[in-house]
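The file model_36.pdb comes next; it holds PDB, C-alpha atoms, pLDDT in the B column.
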ATOM      1  CA  MET A 123      24.501  -2.075   7.998  1.00 82.00           C
ATOM      2  CA  SER A 124      21.255  -0.103   7.757  1.00 86.00           C
ATOM      3  CA  ASP A 125      19.089   0.310   4.653  1.00 87.00           C
ATOM      4  CA  HIS A 126      19.980   3.969   4.340  1.00 83.00           C
ATOM      5  CA  ASP A 127      23.691   3.124   4.531  1.00 87.00           C
ATOM      6  CA  ASN A 128      23.247   0.673   1.665  1.00 88.00           C
ATOM      7  CA  ILE A 129      21.479   3.339  -0.392  1.00 88.00           C
ATOM      8  CA  LEU A 130      24.171   5.920   0.307  1.00 87.00           C
ATOM      9  CA  ILE A 131      26.914   3.428  -0.591  1.00 90.00           C
ATOM     10  CA  ALA A 132      25.155   2.616  -3.874  1.00 88.00           C
ATOM     11  CA  LEU A 133      24.807   6.330  -4.658  1.00 87.00           C
ATOM     12  CA  ARG A 134      28.490   6.859  -3.888  1.00 89.00           C
ATOM     13  CA  ARG A 135      29.440   3.983  -6.203  1.00 90.00           C
ATOM     14  CA  ILE A 136      27.345   5.510  -8.977  1.00 85.00           C
ATOM     15  CA  THR A 137      28.953   8.904  -8.409  1.00 85.00           C
ATOM     16  CA  ARG A 138      32.443   7.351  -8.455  1.00 88.00           C
ATOM     17  CA  ALA A 139      31.695   5.413 -11.648  1.00 83.00           C
ATOM     18  CA  ILE A 140      30.557   8.622 -13.345  1.00 82.00           C
ATOM     19  CA  ASP A 141      33.596  10.513 -12.077  1.00 84.00           C
ATOM     20  CA  LEU A 142      36.057   7.820 -13.169  1.00 85.00           C
ATOM     21  CA  GLN A 143      34.472   7.526 -16.619  1.00 82.00           C
ATOM     22  CA  SER A 144      34.493  11.334 -17.022  1.00 82.00           C
ATOM     23  CA  LYS A 145      38.203  11.458 -16.155  1.00 85.00           C
ATOM     24  CA  LYS A 146      38.930   8.579 -18.550  1.00 83.00           C
ATOM     25  CA  LEU A 147      37.035  10.363 -21.315  1.00 81.00           C
ATOM     26  CA  VAL A 148      38.931  13.625 -20.793  1.00 84.00           C
ATOM     27  CA  LYS A 149      42.262  11.785 -20.621  1.00 85.00           C
ATOM     28  CA  LYS A 150      41.667   9.759 -23.799  1.00 82.00           C
ATOM     29  CA  SER A 151      39.885  12.336 -25.940  1.00 80.00           C
ATOM     30  CA  GLY A 152      40.414  15.728 -24.323  1.00 85.00           C
ATOM     31  CA  LEU A 153      36.627  16.123 -24.241  1.00 88.00           C
ATOM     32  CA  THR A 154      34.055  16.298 -21.490  1.00 88.00           C
ATOM     33  CA  ALA A 155      30.951  14.114 -21.711  1.00 85.00           C
ATOM     34  CA  PRO A 156      28.687  17.037 -22.761  1.00 88.00           C
ATOM     35  CA  GLN A 157      31.197  18.072 -25.437  1.00 91.00           C
ATOM     36  CA  LEU A 158      31.277  14.544 -26.812  1.00 90.00           C
ATOM     37  CA  VAL A 159      27.488  14.263 -26.721  1.00 89.00           C
ATOM     38  CA  VAL A 160      27.250  17.481 -28.751  1.00 93.00           C
ATOM     39  CA  MET A 161      29.809  16.182 -31.230  1.00 93.00           C
ATOM     40  CA  GLN A 162      27.997  12.851 -31.522  1.00 90.00           C
ATOM     41  CA  ALA A 163      24.713  14.662 -32.205  1.00 92.00           C
ATOM     42  CA  LEU A 164      26.395  16.686 -34.961  1.00 94.00           C
ATOM     43  CA  ARG A 165      27.963  13.520 -36.336  1.00 93.00           C
ATOM     44  CA  LYS A 166      24.603  11.747 -36.405  1.00 91.00           C
ATOM     45  CA  ASP A 167      22.332  14.577 -37.584  1.00 91.00           C
ATOM     46  CA  GLY A 168      24.755  16.805 -39.487  1.00 91.00           C
ATOM     47  CA  GLN A 169      24.816  20.561 -39.173  1.00 93.00           C
ATOM     48  CA  MET A 170      22.355  22.026 -36.682  1.00 94.00           C
ATOM     49  CA  SER A 171      21.419  25.359 -35.224  1.00 94.00           C
ATOM     50  CA  PRO A 172      22.417  25.806 -31.573  1.00 94.00           C
ATOM     51  CA  SER A 173      18.750  25.806 -30.519  1.00 93.00           C
ATOM     52  CA  ALA A 174      18.055  22.522 -32.355  1.00 94.00           C
ATOM     53  CA  LEU A 175      21.222  21.072 -30.871  1.00 94.00           C
ATOM     54  CA  ALA A 176      20.141  22.133 -27.365  1.00 92.00           C
ATOM     55  CA  LYS A 177      16.825  20.323 -27.793  1.00 91.00           C
ATOM     56  CA  THR A 178      18.487  17.231 -29.260  1.00 91.00           C
ATOM     57  CA  VAL A 179      20.913  16.771 -26.347  1.00 89.00           C
ATOM     58  CA  SER A 180      18.621  18.158 -23.598  1.00 85.00           C
ATOM     59  CA  LEU A 181      20.896  21.003 -22.541  1.00 88.00           C
ATOM     60  CA  SER A 182      20.142  24.700 -22.188  1.00 88.00           C
ATOM     61  CA  GLN A 183      20.889  27.096 -25.026  1.00 90.00           C
ATOM     62  CA  ALA A 184      23.471  28.873 -22.837  1.00 91.00           C
ATOM     63  CA  THR A 185      25.269  25.593 -22.099  1.00 91.00           C
ATOM     64  CA  ILE A 186      25.316  24.687 -25.806  1.00 94.00           C
ATOM     65  CA  THR A 187      26.782  28.086 -26.686  1.00 94.00           C
ATOM     66  CA  THR A 188      29.582  27.596 -24.150  1.00 95.00           C
ATOM     67  CA  ILE A 189      30.284  24.070 -25.379  1.00 95.00           C
ATOM     68  CA  LEU A 190      30.321  25.196 -29.015  1.00 96.00           C
ATOM     69  CA  ASP A 191      32.691  28.066 -28.171  1.00 96.00           C
ATOM     70  CA  ARG A 192      35.143  25.582 -26.645  1.00 95.00           C
ATOM     71  CA  LEU A 193      34.818  23.102 -29.513  1.00 96.00           C
ATOM     72  CA  VAL A 194      35.332  25.860 -32.098  1.00 96.00           C
ATOM     73  CA  LYS A 195      38.435  27.016 -30.210  1.00 96.00           C
ATOM     74  CA  GLN A 196      39.790  23.439 -30.354  1.00 95.00           C
ATOM     75  CA  GLY A 197      39.116  23.238 -34.093  1.00 96.00           C
ATOM     76  CA  LEU A 198      36.581  20.430 -33.707  1.00 96.00           C
ATOM     77  CA  VAL A 199      33.455  22.356 -34.709  1.00 96.00           C
ATOM     78  CA  ARG A 200      32.835  25.341 -36.943  1.00 96.00           C
ATOM     79  CA  ARG A 201      29.914  27.720 -37.248  1.00 95.00           C
ATOM     80  CA  ASP A 202      28.570  28.418 -40.735  1.00 93.00           C
ATOM     81  CA  ARG A 203      25.802  30.679 -41.957  1.00 90.00           C
ATOM     82  CA  SER A 204      22.847  28.890 -43.472  1.00 86.00           C
ATOM     83  CA  ASP A 205      22.721  28.990 -47.274  1.00 86.00           C
ATOM     84  CA  THR A 206      18.960  29.555 -47.180  1.00 87.00           C
ATOM     85  CA  ASP A 207      18.740  32.073 -44.312  1.00 85.00           C
ATOM     86  CA  LYS A 208      21.833  34.140 -43.557  1.00 84.00           C
ATOM     87  CA  ARG A 209      20.470  34.993 -40.094  1.00 87.00           C
ATOM     88  CA  VAL A 210      20.790  31.347 -39.036  1.00 89.00           C
ATOM     89  CA  ILE A 211      24.109  30.007 -37.781  1.00 93.00           C
ATOM     90  CA  LEU A 212      24.702  26.264 -38.050  1.00 94.00           C
ATOM     91  CA  ALA A 213      27.237  24.198 -36.113  1.00 95.00           C
ATOM     92  CA  CYS A 214      29.003  21.343 -37.873  1.00 95.00           C
ATOM     93  CA  LEU A 215      31.965  19.087 -37.241  1.00 96.00           C
ATOM     94  CA  THR A 216      35.298  19.779 -38.857  1.00 96.00           C
ATOM     95  CA  ASP A 217      37.280  16.858 -40.292  1.00 95.00           C
ATOM     96  CA  GLN A 218      39.322  16.846 -37.081  1.00 95.00           C
ATOM     97  CA  GLY A 219      36.101  16.886 -35.047  1.00 95.00           C
ATOM     98  CA  LEU A 220      34.703  13.913 -36.944  1.00 93.00           C
ATOM     99  CA  ALA A 221      37.911  11.923 -36.397  1.00 93.00           C
ATOM    100  CA  THR A 222      37.934  12.847 -32.701  1.00 91.00           C
ATOM    101  CA  ALA A 223      34.289  11.831 -32.236  1.00 89.00           C
ATOM    102  CA  GLN A 224      34.883   8.510 -33.987  1.00 88.00           C
ATOM    103  CA  ALA A 225      37.957   7.727 -31.867  1.00 86.00           C
ATOM    104  CA  ALA A 226      36.474   8.785 -28.509  1.00 82.00           C
ATOM    105  CA  PRO A 227      35.697   6.111 -25.915  1.00 77.00           C
ATOM    106  CA  GLU A 228      32.121   5.089 -25.238  1.00 75.00           C
ATOM    107  CA  LEU A 229      30.165   7.205 -22.783  1.00 74.00           C
ATOM    108  CA  LEU A 230      29.100   5.600 -19.513  1.00 67.00           C
ATOM    109  CA  GLN A 231      25.439   5.991 -20.421  1.00 70.00           C
ATOM    110  CA  ALA A 232      25.899   3.848 -23.554  1.00 73.00           C
ATOM    111  CA  GLY A 233      26.877   0.833 -21.448  1.00 77.00           C
ATOM    112  CA  PHE A 234      24.118   1.594 -18.982  1.00 81.00           C
ATOM    113  CA  LEU A 235      21.554   1.800 -21.778  1.00 82.00           C
ATOM    114  CA  ARG A 236      22.575  -1.601 -23.155  1.00 86.00           C
ATOM    115  CA  GLU A 237      22.041  -3.194 -19.739  1.00 89.00           C
ATOM    116  CA  PHE A 238      18.871  -1.220 -18.975  1.00 89.00           C
ATOM    117  CA  ARG A 239      17.249  -2.422 -22.198  1.00 90.00           C
ATOM    118  CA  LYS A 240      17.744  -6.030 -21.069  1.00 94.00           C
ATOM    119  CA  LEU A 241      15.482  -5.488 -18.043  1.00 94.00           C
ATOM    120  CA  GLN A 242      11.803  -6.385 -17.930  1.00 96.00           C
ATOM    121  CA  ASP A 243       9.355  -3.467 -18.239  1.00 95.00           C
ATOM    122  CA  TRP A 244       8.282  -3.776 -14.592  1.00 96.00           C
ATOM    123  CA  GLU A 245      11.894  -3.709 -13.433  1.00 95.00           C
ATOM    124  CA  ARG A 246      12.641  -0.581 -15.492  1.00 93.00           C
ATOM    125  CA  GLY A 247       9.568   1.116 -14.047  1.00 94.00           C
ATOM    126  CA  MET A 248      10.588   0.281 -10.489  1.00 94.00           C
ATOM    127  CA  LEU A 249      14.115   1.633 -11.032  1.00 92.00           C
ATOM    128  CA  ILE A 250      12.810   4.856 -12.543  1.00 91.00           C
ATOM    129  CA  ALA A 251      10.326   5.395  -9.726  1.00 93.00           C
ATOM    130  CA  ALA A 252      12.898   4.640  -7.026  1.00 92.00           C
ATOM    131  CA  LEU A 253      15.527   6.964  -8.492  1.00 88.00           C
ATOM    132  CA  GLN A 254      13.007   9.763  -9.033  1.00 87.00           C
ATOM    133  CA  ARG A 255      11.930   9.414  -5.399  1.00 89.00           C
ATOM    134  CA  ILE A 256      15.554   9.540  -4.227  1.00 88.00           C
ATOM    135  CA  ALA A 257      16.096  12.716  -6.281  1.00 84.00           C
ATOM    136  CA  GLU A 258      13.044  14.267  -4.594  1.00 87.00           C
ATOM    137  CA  MET A 259      14.303  13.216  -1.154  1.00 87.00           C
ATOM    138  CA  MET A 260      17.611  14.939  -1.922  1.00 85.00           C
ATOM    139  CA  ASP A 261      15.841  18.142  -3.051  1.00 82.00           C
ATOM    140  CA  ALA A 262      17.258  17.606  -6.529  1.00 73.00           C
ATOM    141  CA  GLU A 263      14.083  17.720  -8.617  1.00 69.00           C
ATOM    142  CA  ASP A 264      14.668  21.339  -9.753  1.00 69.00           C
ATOM    143  CA  LEU A 265      18.223  20.771 -10.972  1.00 67.00           C
ATOM    144  CA  ASP A 266      19.141  20.709 -14.667  1.00 59.00           C
ATOM    145  CA  ALA A 267      19.261  17.059 -15.549  1.00 55.00           C
ATOM    146  CA  SER A 268      20.158  16.164 -19.090  1.00 54.00           C
ATOM    147  CA  PRO A 269      20.706  12.470 -19.764  1.00 54.00           C
ATOM    148  CA  ILE A 270      24.483  12.912 -19.750  1.00 56.00           C
ATOM    149  CA  LEU A 271      26.269  11.144 -16.934  1.00 53.00           C
ATOM    150  CA  GLU A 272      28.947  13.511 -15.699  1.00 52.00           C
ATOM    151  CA  THR A 273      30.091  14.937 -12.411  1.00 45.00           C
ATOM    152  CA  GLY A 274      30.271  18.661 -11.828  1.00 48.00           C
ATOM    153  CA  GLU A 275      27.970  21.534 -11.034  1.00 45.00           C
ATOM    154  CA  LEU A 276      24.306  21.372 -11.903  1.00 42.00           C
ATOM    155  CA  GLU A 277      22.372  24.441 -12.925  1.00 45.00           C
ATOM    156  CA  PRO A 278      18.756  25.148 -11.947  1.00 42.00           C
ATOM    157  CA  ASN A 279      16.313  24.585 -14.811  1.00 43.00           C
ATOM    158  CA  GLN A 280      16.188  27.624 -17.017  1.00 41.00           C
ATOM    159  CA  PRO A 281      13.079  28.801 -18.862  1.00 41.00           C
ATOM    160  CA  ASP A 282      13.167  28.294 -22.638  1.00 36.00           C
TER     161      ASP A 282
END

Before anything else, please render the file you have as structure tokens.
Amino acid sequence: MSDHDNILIALRRITRAIDLQSKKLVKKSGLTAPQLVVMQALRKDGQMSPSALAKTVSLSQATITTILDRLVKQGLVRRDRSDTDKRVILACLTDQGLATAQAAPELLQAGFLREFRKLQDWERGMLIAALQRIAEMMDAEDLDASPILETGELEPNQPD
């Protein structure tokens, strides 16, 4: 088998692992990975404006708005006006949202992060460089790339 075949097989395995974990997450919790990441950020940091939330989870403001709309519809998140500035809307978890976030399975990136942290600094650097180079070779450097492992469509980077 050639080197490029081995690379493509490894990429396919990564893609399959992400896809299988995403399906498992939806089946067990009814949430997508980005929805759960948003809920976990709200659980950790408390109520946040959509713009602060977007920065925290590295997603665009438009994506956060869509995610929040879906979570509000499911009764997991609510939007409240700020007590100090009525122009500001804050997102926060409902009691049901908190229970759902606590019961949700671990995201694939959590397991990855545990293993990645065990590597030596030089090994981490080599992996980062190699994967960044592969992304460039696949013309993927201009795609939206938050640190959420999920399959699906990617959006081009949007200006802030």

Please write the residues picked by the PyMOL selection byres ((chain A and resi 151-156) around 8) on this file as a list in words.
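Applying the PyMOL selection byres ((chain A and resi 151-156) around 8) to the structure shown produces Ser144, Leu147, Val148, Lys149, Lys150, Gln157, Leu158, Val159, Val160, Ile189, Thr222, Ala225, Ala226, Pro227, Leu229, Ile270, Leu271 and Glu272 of chain A.
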
To one decimal place, how far is CA of Leu241 in chain A from CA of Ala163 in chain A in Å?
26.3 Å

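Comparing A:Asp261, A:His126, A:Leu253, A:Val199 by their smallest distance to Arg165 in chain A, the closest is A:Val199 (using all atoms listed in the file).
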
With the PyMOL selection byres ((chain A and resi 233-239) around 12) as the selection, what would be picked from this file? Answer as a PyMOL selection string, please.
chain A and resi 136+139-140+143+227-232+240-250+269-271

For Pro172 in chain A, work out the shell of residues within 8 Å, counting only C-alpha atoms and skipping chain neighbours fewer than 6 positions away, then give it as a list of chain:residue names.
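That gives A:Gln183, A:Ile186, A:Thr187, A:Ile211, A:Leu212, A:Ala213.
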